[in-house]
>>> print(open('run.cif').read())   # mmCIF, C-alpha atoms
data_run
loop_
_atom_site.label_atom_id
_atom_site.label_comp_id
_atom_site.auth_asym_id
_atom_site.auth_seq_id
_atom_site.Cartn_x
_atom_site.Cartn_y
_atom_site.Cartn_z
CA MET A 1 116.81 77.38 101.39
CA LYS A 2 119.23 77.68 98.49
CA VAL A 3 122.67 79.22 98.95
CA SER A 4 121.88 81.80 96.24
CA LYS A 5 118.89 83.01 98.24
CA ILE A 6 121.01 83.45 101.37
CA THR A 7 123.59 85.34 99.32
CA THR A 8 120.88 87.64 97.95
CA TYR A 9 119.64 88.45 101.45
CA ALA A 10 123.19 89.03 102.65
CA LEU A 11 123.85 91.51 99.85
CA MET A 12 120.56 93.28 100.51
CA ALA A 13 121.40 93.59 104.19
CA LEU A 14 124.89 94.91 103.51
CA LEU A 15 123.62 97.47 101.00
CA ALA A 16 120.91 98.62 103.41
CA ILE A 17 123.38 99.11 106.25
CA GLY A 18 125.88 100.85 104.03
CA ALA A 19 123.24 103.30 102.82
CA VAL A 20 122.44 104.67 106.28
CA SER A 21 125.45 103.78 108.42
CA CYS A 22 126.42 106.37 111.01
CA GLY A 23 130.01 105.20 111.07
CA LYS A 24 131.95 102.77 113.20
CA ILE A 25 130.34 101.99 116.54
CA LYS A 26 132.80 102.36 119.40
CA ARG A 27 132.85 100.07 122.41
CA GLY A 28 130.46 101.30 125.11
CA GLU A 29 128.20 103.25 122.72
CA TYR A 30 124.57 102.22 122.42
CA ALA A 31 121.70 102.87 120.03
CA LYS A 32 123.87 104.39 117.31
CA GLY A 33 124.42 103.22 113.76
CA SER A 34 122.31 100.81 111.73
CA GLY A 35 121.41 97.16 111.53
CA THR A 36 118.99 94.73 109.92
CA ILE A 37 116.31 92.44 111.24
CA PHE A 38 114.67 89.57 109.34
CA CYS A 39 111.11 89.02 110.50
CA ASP A 40 108.40 86.53 109.63
CA ASP A 41 105.86 88.47 107.54
CA GLY A 42 103.09 87.59 109.99
CA PHE A 43 104.59 90.06 112.47
CA LYS A 44 105.23 92.97 110.07
CA ARG A 45 102.75 95.34 111.75
CA ILE A 46 104.39 94.75 115.12
CA MET A 47 107.92 95.28 113.86
CA ASP A 48 107.07 98.41 111.84
CA GLU A 49 105.73 100.08 114.98
CA GLU A 50 108.62 98.86 117.16
CA ILE A 51 111.12 100.30 114.70
CA GLU A 52 109.35 103.64 114.29
CA VAL A 53 109.13 104.25 118.04
CA PHE A 54 112.70 103.01 118.68
CA GLU A 55 114.12 105.30 115.99
CA TYR A 56 112.14 108.21 117.45
CA SER A 57 113.63 107.42 120.86
CA TYR A 58 117.14 107.12 119.43
CA PRO A 59 117.52 109.43 116.38
CA THR A 60 121.04 108.15 115.67
CA ALA A 61 119.74 104.60 115.20
CA SER A 62 118.37 103.00 112.04
CA ILE A 63 116.80 99.53 111.84
CA ILE A 64 116.20 98.07 108.37
CA PRO A 65 113.57 95.30 108.33
CA PHE A 66 113.22 92.48 105.81
CA TYR A 67 109.91 90.59 105.88
CA VAL A 68 110.41 87.02 104.74
CA ASP A 69 109.19 83.51 105.52
CA GLU A 70 110.30 82.00 108.83
CA GLN A 71 112.82 79.53 107.41
CA SER A 72 114.51 82.26 105.37
CA ALA A 73 114.87 84.38 108.52
CA ILE A 74 116.52 81.52 110.42
CA ASP A 75 118.80 80.61 107.51
CA THR A 76 119.89 84.24 107.13
CA LEU A 77 120.83 84.40 110.82
CA LEU A 78 122.75 81.12 110.58
CA ALA A 79 124.65 82.56 107.60
CA ASP A 80 125.57 85.58 109.78
CA ALA A 81 123.90 87.84 107.21
CA THR A 82 121.82 89.48 109.95
CA GLN A 83 122.06 89.68 113.73
CA ALA A 84 118.37 89.69 114.66
CA ILE A 85 115.27 87.75 113.66
CA VAL A 86 111.65 87.35 114.82
CA VAL A 87 110.22 83.84 114.44
CA THR A 88 108.02 81.33 116.27
CA ARG A 89 110.69 78.81 117.26
CA GLN A 90 113.95 78.96 119.14
CA LEU A 91 117.27 77.93 117.69
CA THR A 92 118.26 74.38 118.57
CA LYS A 93 121.27 73.55 120.74
CA ASP A 94 123.14 72.46 117.60
CA GLN A 95 122.35 75.76 115.86
CA ILE A 96 123.48 77.77 118.88
CA GLU A 97 126.73 75.80 119.00
CA TYR A 98 127.19 76.29 115.26
CA MET A 99 126.86 80.09 115.65
CA LYS A 100 129.45 80.03 118.42
CA LYS A 101 132.00 77.93 116.53
CA LYS A 102 131.47 79.24 113.01
CA TRP A 103 130.87 82.94 113.62
CA LYS A 104 131.94 83.46 117.27
CA ARG A 105 128.40 84.68 118.01
CA VAL A 106 126.55 84.45 121.33
CA VAL A 107 122.86 83.74 120.81
CA ARG A 108 120.22 85.52 122.90
CA GLN A 109 116.61 84.48 122.47
CA LYS A 110 113.54 85.58 124.38
CA PRO A 111 109.80 85.10 123.89
CA ILE A 112 108.27 88.49 123.13
CA ALA A 113 104.65 87.55 122.49
CA VAL A 114 102.03 84.83 122.35
CA ASP A 115 100.46 84.97 118.91
CA ALA A 116 97.12 83.53 117.83
CA VAL A 117 96.38 82.16 114.39
CA ALA A 118 93.06 83.63 113.30
CA LEU A 119 90.55 82.29 110.81
CA ILE A 120 88.75 84.99 108.85
CA VAL A 121 85.90 85.03 106.36
CA ASN A 122 84.05 87.63 104.32
CA LYS A 123 81.45 89.67 106.23
CA ASP A 124 78.68 88.14 104.05
CA ASN A 125 79.65 84.58 105.00
CA PRO A 126 77.05 83.12 107.43
CA VAL A 127 79.59 81.00 109.33
CA THR A 128 80.46 82.41 112.77
CA ASP A 129 82.52 79.65 114.40
CA LEU A 130 84.42 76.44 113.76
CA SER A 131 85.58 73.58 115.97
CA MET A 132 89.13 72.31 115.93
CA THR A 133 87.83 69.12 114.31
CA GLU A 134 86.14 71.08 111.51
CA ILE A 135 89.29 73.14 110.92
CA GLY A 136 91.34 69.95 110.63
CA ASP A 137 88.83 68.46 108.19
CA ILE A 138 88.92 71.59 106.01
CA ILE A 139 92.72 71.71 105.91
CA ASN A 140 92.95 67.97 105.12
CA GLY A 141 90.31 68.22 102.38
CA LYS A 142 87.57 66.23 104.13
CA ILE A 143 85.26 69.24 104.28
CA THR A 144 85.31 71.03 100.93
CA LYS A 145 82.04 73.02 100.74
CA TRP A 146 80.47 75.67 102.96
CA THR A 147 77.18 73.72 103.02
CA GLN A 148 78.92 71.04 105.11
CA ILE A 149 79.30 73.63 107.89
CA ALA A 150 76.42 76.10 107.68
CA GLY A 151 73.89 77.56 105.28
CA LYS A 152 72.94 76.49 101.77
CA ASP A 153 76.06 77.63 99.97
CA THR A 154 77.34 74.65 97.97
CA THR A 155 80.40 76.46 96.62
CA ALA A 156 83.88 75.21 97.48
CA ILE A 157 85.75 76.59 100.48
CA LYS A 158 88.71 78.57 99.15
CA LEU A 159 91.45 78.11 101.75
CA VAL A 160 93.77 81.14 101.58
CA PHE A 161 97.16 81.37 103.31
CA ASP A 162 100.25 83.56 102.96
CA ASN A 163 103.10 81.32 101.73
CA ALA A 164 104.34 77.80 102.20
CA GLY A 165 107.35 78.81 104.31
CA SER A 166 105.52 81.02 106.79
CA SER A 167 105.28 80.28 110.49
CA THR A 168 101.47 80.41 110.29
CA VAL A 169 101.32 77.71 107.65
CA SER A 170 103.89 75.59 109.52
CA TYR A 171 101.84 75.85 112.72
CA MET A 172 98.57 74.82 111.04
CA ARG A 173 100.28 71.98 109.17
CA ASP A 174 101.92 70.62 112.31
CA THR A 175 98.71 70.99 114.34
CA PHE A 176 96.24 69.42 111.93
CA MET A 177 98.00 67.37 109.25
CA PRO A 178 99.83 64.03 109.17
CA LYS A 179 103.62 64.28 109.14
CA GLY A 180 104.94 64.93 105.65
CA SER A 181 101.72 66.52 104.39
CA LYS A 182 101.42 70.05 103.02
CA ILE A 183 98.51 72.47 103.06
CA SER A 184 99.28 73.17 99.41
CA ASP A 185 98.35 69.53 98.67
CA ASN A 186 94.72 70.57 99.23
CA PRO A 187 93.35 71.47 95.74
CA ASN A 188 91.20 74.21 97.28
CA ALA A 189 94.17 75.89 99.02
CA PHE A 190 95.71 79.00 97.49
CA ALA A 191 98.97 80.64 98.55
CA GLN A 192 99.28 84.42 98.59
CA LYS A 193 102.36 86.62 98.79
CA ASN A 194 101.84 87.74 102.40
CA ASN A 195 99.31 88.31 105.19
CA ALA A 196 98.11 91.58 103.65
CA ALA A 197 97.17 89.72 100.47
CA VAL A 198 95.25 87.10 102.50
CA PHE A 199 93.30 89.90 104.19
CA ASP A 200 92.47 91.54 100.85
CA VAL A 201 91.26 88.28 99.27
CA VAL A 202 88.90 87.56 102.17
CA LYS A 203 87.47 91.10 102.07
CA LYS A 204 86.48 90.56 98.43
CA ASP A 205 85.65 86.83 98.20
CA PRO A 206 82.68 85.42 100.20
CA ASN A 207 83.95 81.86 99.63
CA ALA A 208 87.42 82.44 101.10
CA LEU A 209 88.62 81.17 104.47
CA GLY A 210 91.79 83.01 105.43
CA ILE A 211 94.55 81.84 107.78
CA ILE A 212 96.34 84.84 109.25
CA SER A 213 98.21 86.07 112.33
CA VAL A 214 95.83 87.92 114.64
CA SER A 215 98.35 90.77 114.82
CA TRP A 216 97.01 91.83 111.40
CA LEU A 217 93.50 92.21 112.78
CA GLY A 218 93.84 94.60 115.72
CA ASP A 219 92.17 97.98 115.12
CA ASP A 220 94.09 99.71 117.92
CA LEU A 221 97.43 99.67 116.09
CA SER A 222 95.80 101.03 112.91
CA LEU A 223 94.21 103.84 114.92
CA ALA A 224 97.54 104.50 116.64
CA LYS A 225 99.03 105.49 113.28
CA ASP A 226 96.80 108.59 113.36
CA VAL A 227 98.60 109.72 116.53
CA PRO A 228 102.00 111.50 116.24
CA VAL A 229 104.92 109.25 117.17
CA ASP A 230 105.91 111.43 120.14
CA LYS A 231 102.47 110.95 121.71
CA ARG A 232 102.61 107.22 121.01
CA TYR A 233 106.03 107.07 122.65
CA GLU A 234 104.62 108.71 125.79
CA ASP A 235 101.78 106.20 125.87
CA TYR A 236 104.14 103.25 125.53
CA GLN A 237 106.11 104.51 128.53
CA ASN A 238 102.96 104.60 130.72
CA GLN A 239 103.44 101.71 133.14
CA THR A 240 100.02 102.09 134.80
CA ASP A 241 97.99 101.17 131.75
CA THR A 242 97.67 98.07 129.64
CA ILE A 243 95.65 97.87 126.46
CA ALA A 244 92.92 95.51 125.29
CA THR A 245 92.47 95.41 121.54
CA ASN A 246 89.33 95.45 119.42
CA LEU A 247 89.44 93.29 116.32
CA THR A 248 88.80 94.70 112.85
CA THR A 249 85.28 94.82 111.41
CA GLU A 250 86.46 94.71 107.78
CA VAL A 251 86.29 90.92 107.85
CA LYS A 252 84.59 88.42 110.15
CA VAL A 253 86.94 86.83 112.67
CA LEU A 254 85.67 83.33 113.47
CA LYS A 255 85.30 81.90 116.95
CA VAL A 256 87.02 78.56 117.58
CA SER A 257 85.94 75.79 119.97
CA ASN A 258 87.96 72.86 121.20
CA PRO A 259 85.75 70.42 123.14
CA THR A 260 88.04 67.83 124.73
CA GLU A 261 88.08 65.59 127.78
CA LYS A 262 90.49 68.07 129.39
CA ASN A 263 87.87 70.86 129.38
CA ASP A 264 84.85 68.57 129.95
CA PHE A 265 83.99 68.80 126.24
CA ASP A 266 83.19 72.49 126.52
CA PRO A 267 81.45 73.49 123.23
CA VAL A 268 81.89 77.25 123.75
CA ALA A 269 83.81 78.95 120.93
CA TYR A 270 86.12 81.91 121.53
CA LYS A 271 87.50 84.73 119.44
CA PRO A 272 91.26 85.38 119.57
CA TYR A 273 91.07 88.22 122.08
CA GLN A 274 94.08 88.71 124.32
CA VAL A 275 92.30 87.48 127.46
CA TYR A 276 91.30 84.20 125.76
CA ILE A 277 94.79 83.73 124.32
CA ASN A 278 96.15 84.25 127.83
CA SER A 279 93.75 81.71 129.37
CA GLY A 280 94.27 79.14 126.59
CA GLU A 281 90.53 79.06 125.84
CA TYR A 282 91.33 80.19 122.31
CA PRO A 283 93.24 77.09 121.18
CA LEU A 284 95.31 78.29 118.21
CA PHE A 285 98.31 80.01 119.75
CA ARG A 286 102.12 79.87 119.78
CA LYS A 287 105.06 81.82 121.19
CA VAL A 288 106.95 84.45 119.20
CA TYR A 289 110.70 84.81 119.79
CA MET A 290 113.21 87.53 119.10
CA ILE A 291 116.66 86.06 118.53
CA SER A 292 119.79 88.17 118.50
CA THR A 293 123.49 87.51 117.96
CA ALA A 294 124.47 91.18 118.33
CA SER A 295 127.20 92.16 120.78
CA ASN A 296 126.44 94.49 123.67
CA SER A 297 127.84 97.68 122.15
CA THR A 298 125.74 97.62 118.97
CA VAL A 299 122.50 99.21 117.85
CA MET A 300 120.93 95.79 117.33
CA HIS A 301 121.52 94.80 120.95
CA SER A 302 119.88 98.07 122.02
CA PHE A 303 116.92 97.27 119.79
CA TYR A 304 116.70 93.75 121.24
CA THR A 305 116.64 95.28 124.74
CA PHE A 306 113.93 97.74 123.67
CA VAL A 307 111.61 95.12 122.13
CA THR A 308 111.94 92.77 125.09
CA GLY A 309 111.50 95.64 127.59
CA PHE A 310 108.35 97.38 128.83
CA ALA A 311 107.84 99.89 126.00
CA GLY A 312 108.39 97.23 123.34
CA GLN A 313 105.94 94.92 125.09
CA LYS A 314 103.38 97.73 125.36
CA ILE A 315 103.57 98.17 121.59
CA ILE A 316 102.80 94.48 121.11
CA SER A 317 99.73 94.85 123.32
CA LYS A 318 98.22 97.16 120.68
CA THR A 319 98.46 94.56 117.91
CA GLY A 320 95.91 92.05 119.20
CA ILE A 321 98.39 89.37 120.26
CA LEU A 322 99.52 88.89 123.83
CA PRO A 323 102.79 90.54 124.96
CA TYR A 324 104.84 87.88 126.74
CA ASN A 325 105.96 90.04 129.65
CA VAL A 326 102.86 92.21 130.23
CA SER A 327 99.82 90.71 131.94
CA ALA A 328 96.51 90.73 130.09
CA ARG A 329 93.69 92.71 131.64
CA VAL A 330 90.14 91.31 131.56
CA VAL A 331 87.82 93.82 129.92
CA GLU A 332 84.29 93.79 128.60
CA LEU A 333 84.38 93.00 124.89
CA LYS A 334 81.49 94.38 122.88
#
>>> encode(input="run.cif", output="structure tokens")
Amino acid sequence: MKVSKITTYALMALLAIGAVSCGKIKRGEYAKGSGTIFCDDGFKRIMDEEIEVFEYSYPTASIIPFYVDEQSAIDTLLADATQAIVVTRQLTKDQIEYMKKKWKRVVRQKPIAVDAVALIVNKDNPVTDLSMTEIGDIINGKITKWTQIAGKDTTAIKLVFDNAGSSTVSYMRDTFMPKGSKISDNPNAFAQKNNAAVFDVVKKDPNALGIISVSWLGDDLSLAKDVPVDKRYEDYQNQTDTIATNLTTEVKVLKVSNPTEKNDFDPVAYKPYQVYINSGEYPLFRKVYMISTASNSTVMHSFYTFVTGFAGQKIISKTGILPYNVSARVVELK
């Protein structure tokens, strides 16, 4: 990441805070004032809901999100241009020590979710499932046409992903490709601006294979937006109920199988439902972390406590990914 890019983010963050600041935060006060969070774009739907409910709960608080690629989020935190990020990897020991020596910051980092990487296709595409081997062959350019998988369609597979710096792309690259390779090296791979753009391309193009965070595919969070925020807040406080999510029907979400010696070469393919993410039967998953350098008496520390607490975890359960601190409930999936 170039220094000029970090500077740009720092200026944006400072301007955003200055525009809505509630004044100096005194020691011992909580959930007052404003702050910024830099979040990997794959988790935008989660963070938008977390912020809306938190600000409803604490009207004197304002959280300004910036949705960027994962590396930009980490670099912005290391430059002390924000005090909170959401990414899929923890800071290293060296980075934590750097924050302490350079900026006098104490780093807190907790897993808040287990995310699945979903593979989506157009509803008219006949393919219903892929094996891990087939996914690897597609990403590495060994399988290039749909006819090599199913049906008679000889057109090229258009591999669609969000952007080269995203956590989703990094995960798929590290899982399936030789070290030093890039998904963008595949001539049939096409980068989009964000996850929303990936979703839109797949809805329109029957030849597209989209790589996307499953948090973009849960219908429950979309339906929740039709409910007033005060009612949603009450639901998120309900500690006797956990939520299983239905996946969208606007695109086809592929099942994934991973027959290995460890599972007796089980050929069964699974969709990225919460229960299968929890059991590990859906193989494409990774942890999501919230990392904060905010001191105890700031709005950002209050927000960190909210997201990692019960209500914040309940919100995550509506997105389709698995909240880290709330147990999944086995339900009948239709």
>>> residues_around(input="run.cif", residues="region 283-286 of chain A", least_positions_apart="5", cutoff="12 Å", atoms="all atoms listed in the file", output="ChimeraX atom specification")
/A:87-90,111-119,130-133,135-136,167-168,170-172,174-176,211-215,254-260,263,268-274,276-278,321-324
>>> residues_around(input="run.cif", residues="Thr248 (chain A)", least_positions_apart="2", cutoff="9 Å", atoms="only C-alpha atoms", output="list in words")
Trp216, Leu217, Gly218, Asp219, Asp220, Asn246, Glu250, Val251, Lys252 and Val253 of chain A
>>> axis_aligned_box(input="run.cif", around="region 128-134 of chain A", padding_each_side="8 Å", output="lines of an AutoDock Vina configuration file")
center_x = 84.8
center_y = 75.8
center_z = 113.7
size_x = 24.7
size_y = 29.3
size_z = 20.5
>>> residues_around(input="run.cif", residues="region 150-161 of chain A", least_positions_apart="2", cutoff="7 Å", atoms="all atoms listed in the file", output="list of chain:residue names")
A:Pro126, A:Val127, A:Thr144, A:Lys145, A:Trp146, A:Thr147, A:Gln148, A:Asn163, A:Asn188, A:Ala189, A:Phe190, A:Ala191, A:Gln192, A:Val198, A:Asn207, A:Ala208, A:Leu209, A:Gly210, A:Ile211, A:Ile212
>>> residues_around(input="run.cif", residues="Trp103 (chain A)", least_positions_apart="2", cutoff="10 Å", atoms="all atoms listed in the file", output="list in words")
Leu78, Ala79, Asp80, Glu97, Tyr98, Met99, Lys100, Lys101, Arg105, Val106 and Thr293 of chain A
>>> closest_residue(input="run.cif", among="A:Asp41, A:Asp230, A:Glu281, A:Asp69", to="Phe54 (chain A)", atoms="all atoms listed in the file")
A:Asp230
>>> atom_distance(input="run.cif", atom1="CA of Gln237 (chain A)", atom2="CA of Ala294 (chain A)")
24.9 Å
>>> closest_residue(input="run.cif", among="A:Ser166, A:Asn296, A:Thr36, A:Ser181", to="Asn194 (chain A)", atoms="only C-alpha atoms")
A:Ser166
>>> atom_distance(input="run.cif", atom1="CA of Val121 (chain A)", atom2="CA of Lys203 (chain A)")
7.6 Å
>>> atom_distance(input="run.cif", atom1="CA of Gln83 (chain A)", atom2="CA of Ile96 (chain A)")
13.1 Å
>>> closest_residue(input="run.cif", among="A:Lys102, A:Lys204, A:Lys110, A:Lys179", to="Asn125 (chain A)", atoms="all atoms listed in the file")
A:Lys204
>>> resolve_selection(input="run.cif", expression="the PyMOL selection byres ((chain A and resi 39) around 10)", output="number ranges by chain")
A: 36-38, 40-44, 46-47, 65-70, 72-74, 84-87, 290
>>> closest_residue(input="run.cif", among="A:Ala196, A:Val169, A:Val202, A:Leu91", to="Tyr289 (chain A)", atoms="all atoms listed in the file")
A:Leu91
>>> build_atoms(input="run.cif", residues="region 85-96 of chain A", atoms="all heavy atoms", output="PDB file, in the frame of the given file")
ATOM      1  N   ILE A  85     116.426  88.282 114.368  1.00  0.00           N
ATOM      2  CA  ILE A  85     115.270  87.750 113.660  1.00  0.00           C
ATOM      3  C   ILE A  85     114.084  87.657 114.620  1.00  0.00           C
ATOM      4  O   ILE A  85     114.253  87.621 115.840  1.00  0.00           O
ATOM      5  CB  ILE A  85     115.540  86.355 113.042  1.00  0.00           C
ATOM      6  CG1 ILE A  85     115.875  85.327 114.130  1.00  0.00           C
ATOM      7  CG2 ILE A  85     116.637  86.422 111.985  1.00  0.00           C
ATOM      8  CD1 ILE A  85     116.018  83.894 113.607  1.00  0.00           C
ATOM      9  N   VAL A  86     112.874  87.596 114.054  1.00  0.00           N
ATOM     10  CA  VAL A  86     111.650  87.350 114.820  1.00  0.00           C
ATOM     11  C   VAL A  86     110.936  86.179 114.180  1.00  0.00           C
ATOM     12  O   VAL A  86     110.535  86.246 113.005  1.00  0.00           O
ATOM     13  CB  VAL A  86     110.749  88.588 114.867  1.00  0.00           C
ATOM     14  CG1 VAL A  86     109.417  88.269 115.539  1.00  0.00           C
ATOM     15  CG2 VAL A  86     111.441  89.730 115.609  1.00  0.00           C
ATOM     16  N   VAL A  87     110.790  85.087 114.946  1.00  0.00           N
ATOM     17  CA  VAL A  87     110.220  83.840 114.440  1.00  0.00           C
ATOM     18  C   VAL A  87     109.421  83.171 115.562  1.00  0.00           C
ATOM     19  O   VAL A  87     109.350  83.691 116.674  1.00  0.00           O
ATOM     20  CB  VAL A  87     111.336  82.888 113.948  1.00  0.00           C
ATOM     21  CG1 VAL A  87     111.975  83.417 112.671  1.00  0.00           C
ATOM     22  CG2 VAL A  87     112.397  82.682 115.019  1.00  0.00           C
ATOM     23  N   THR A  88     108.848  82.010 115.271  1.00  0.00           N
ATOM     24  CA  THR A  88     108.020  81.330 116.270  1.00  0.00           C
ATOM     25  C   THR A  88     108.688  80.079 116.840  1.00  0.00           C
ATOM     26  O   THR A  88     108.020  79.256 117.457  1.00  0.00           O
ATOM     27  CB  THR A  88     106.651  80.930 115.682  1.00  0.00           C
ATOM     28  OG1 THR A  88     106.851  80.025 114.596  1.00  0.00           O
ATOM     29  CG2 THR A  88     105.892  82.155 115.200  1.00  0.00           C
ATOM     30  N   ARG A  89     109.972  79.928 116.637  1.00  0.00           N
ATOM     31  CA  ARG A  89     110.690  78.810 117.260  1.00  0.00           C
ATOM     32  C   ARG A  89     112.096  79.236 117.634  1.00  0.00           C
ATOM     33  O   ARG A  89     112.689  80.101 116.993  1.00  0.00           O
ATOM     34  CB  ARG A  89     110.723  77.582 116.362  1.00  0.00           C
ATOM     35  CG  ARG A  89     111.179  77.816 114.941  1.00  0.00           C
ATOM     36  CD  ARG A  89     110.878  76.605 114.081  1.00  0.00           C
ATOM     37  NE  ARG A  89     110.951  76.859 112.664  1.00  0.00           N
ATOM     38  CZ  ARG A  89     111.901  76.417 111.861  1.00  0.00           C
ATOM     39  NH1 ARG A  89     112.905  75.711 112.368  1.00  0.00           N
ATOM     40  NH2 ARG A  89     111.886  76.662 110.576  1.00  0.00           N
ATOM     41  N   GLN A  90     112.605  78.651 118.700  1.00  0.00           N
ATOM     42  CA  GLN A  90     113.950  78.960 119.140  1.00  0.00           C
ATOM     43  C   GLN A  90     114.972  78.207 118.294  1.00  0.00           C
ATOM     44  O   GLN A  90     114.657  77.194 117.652  1.00  0.00           O
ATOM     45  CB  GLN A  90     114.117  78.555 120.603  1.00  0.00           C
ATOM     46  CG  GLN A  90     113.282  79.358 121.582  1.00  0.00           C
ATOM     47  CD  GLN A  90     113.443  78.867 123.001  1.00  0.00           C
ATOM     48  OE1 GLN A  90     113.008  77.776 123.351  1.00  0.00           O
ATOM     49  NE2 GLN A  90     114.089  79.664 123.852  1.00  0.00           N
ATOM     50  N   LEU A  91     116.199  78.697 118.293  1.00  0.00           N
ATOM     51  CA  LEU A  91     117.270  77.930 117.690  1.00  0.00           C
ATOM     52  C   LEU A  91     117.523  76.671 118.516  1.00  0.00           C
ATOM     53  O   LEU A  91     117.367  76.665 119.740  1.00  0.00           O
ATOM     54  CB  LEU A  91     118.563  78.753 117.621  1.00  0.00           C
ATOM     55  CG  LEU A  91     118.576  80.008 116.749  1.00  0.00           C
ATOM     56  CD1 LEU A  91     120.012  80.526 116.624  1.00  0.00           C
ATOM     57  CD2 LEU A  91     117.981  79.774 115.375  1.00  0.00           C
ATOM     58  N   THR A  92     117.929  75.606 117.866  1.00  0.00           N
ATOM     59  CA  THR A  92     118.260  74.380 118.570  1.00  0.00           C
ATOM     60  C   THR A  92     119.629  74.493 119.222  1.00  0.00           C
ATOM     61  O   THR A  92     120.399  75.415 118.929  1.00  0.00           O
ATOM     62  CB  THR A  92     118.270  73.196 117.600  1.00  0.00           C
ATOM     63  OG1 THR A  92     119.338  73.388 116.649  1.00  0.00           O
ATOM     64  CG2 THR A  92     116.945  73.084 116.843  1.00  0.00           C
ATOM     65  N   LYS A  93     119.953  73.563 120.103  1.00  0.00           N
ATOM     66  CA  LYS A  93     121.270  73.550 120.740  1.00  0.00           C
ATOM     67  C   LYS A  93     122.374  73.440 119.694  1.00  0.00           C
ATOM     68  O   LYS A  93     123.422  74.076 119.806  1.00  0.00           O
ATOM     69  CB  LYS A  93     121.360  72.395 121.734  1.00  0.00           C
ATOM     70  CG  LYS A  93     120.498  72.580 122.978  1.00  0.00           C
ATOM     71  CD  LYS A  93     120.665  71.417 123.939  1.00  0.00           C
ATOM     72  CE  LYS A  93     119.827  71.619 125.192  1.00  0.00           C
ATOM     73  NZ  LYS A  93     119.968  70.477 126.151  1.00  0.00           N
ATOM     74  N   ASP A  94     122.137  72.613 118.669  1.00  0.00           N
ATOM     75  CA  ASP A  94     123.140  72.460 117.600  1.00  0.00           C
ATOM     76  C   ASP A  94     123.323  73.772 116.840  1.00  0.00           C
ATOM     77  O   ASP A  94     124.455  74.128 116.461  1.00  0.00           O
ATOM     78  CB  ASP A  94     122.719  71.359 116.639  1.00  0.00           C
ATOM     79  CG  ASP A  94     122.862  69.961 117.241  1.00  0.00           C
ATOM     80  OD1 ASP A  94     123.558  69.837 118.271  1.00  0.00           O
ATOM     81  OD2 ASP A  94     122.264  69.016 116.698  1.00  0.00           O
ATOM     82  N   GLN A  95     122.249  74.488 116.576  1.00  0.00           N
ATOM     83  CA  GLN A  95     122.350  75.760 115.860  1.00  0.00           C
ATOM     84  C   GLN A  95     123.073  76.811 116.690  1.00  0.00           C
ATOM     85  O   GLN A  95     123.878  77.583 116.169  1.00  0.00           O
ATOM     86  CB  GLN A  95     120.951  76.248 115.467  1.00  0.00           C
ATOM     87  CG  GLN A  95     120.308  75.427 114.353  1.00  0.00           C
ATOM     88  CD  GLN A  95     118.860  75.780 114.123  1.00  0.00           C
ATOM     89  OE1 GLN A  95     118.135  76.176 115.040  1.00  0.00           O
ATOM     90  NE2 GLN A  95     118.411  75.650 112.880  1.00  0.00           N
ATOM     91  N   ILE A  96     122.798  76.827 117.993  1.00  0.00           N
ATOM     92  CA  ILE A  96     123.480  77.770 118.880  1.00  0.00           C
ATOM     93  C   ILE A  96     124.976  77.477 118.916  1.00  0.00           C
ATOM     94  O   ILE A  96     125.817  78.387 118.869  1.00  0.00           O
ATOM     95  CB  ILE A  96     122.875  77.691 120.297  1.00  0.00           C
ATOM     96  CG1 ILE A  96     121.440  78.231 120.284  1.00  0.00           C
ATOM     97  CG2 ILE A  96     123.729  78.461 121.299  1.00  0.00           C
ATOM     98  CD1 ILE A  96     120.688  78.021 121.579  1.00  0.00           C
TER      99      ILE A  96
END
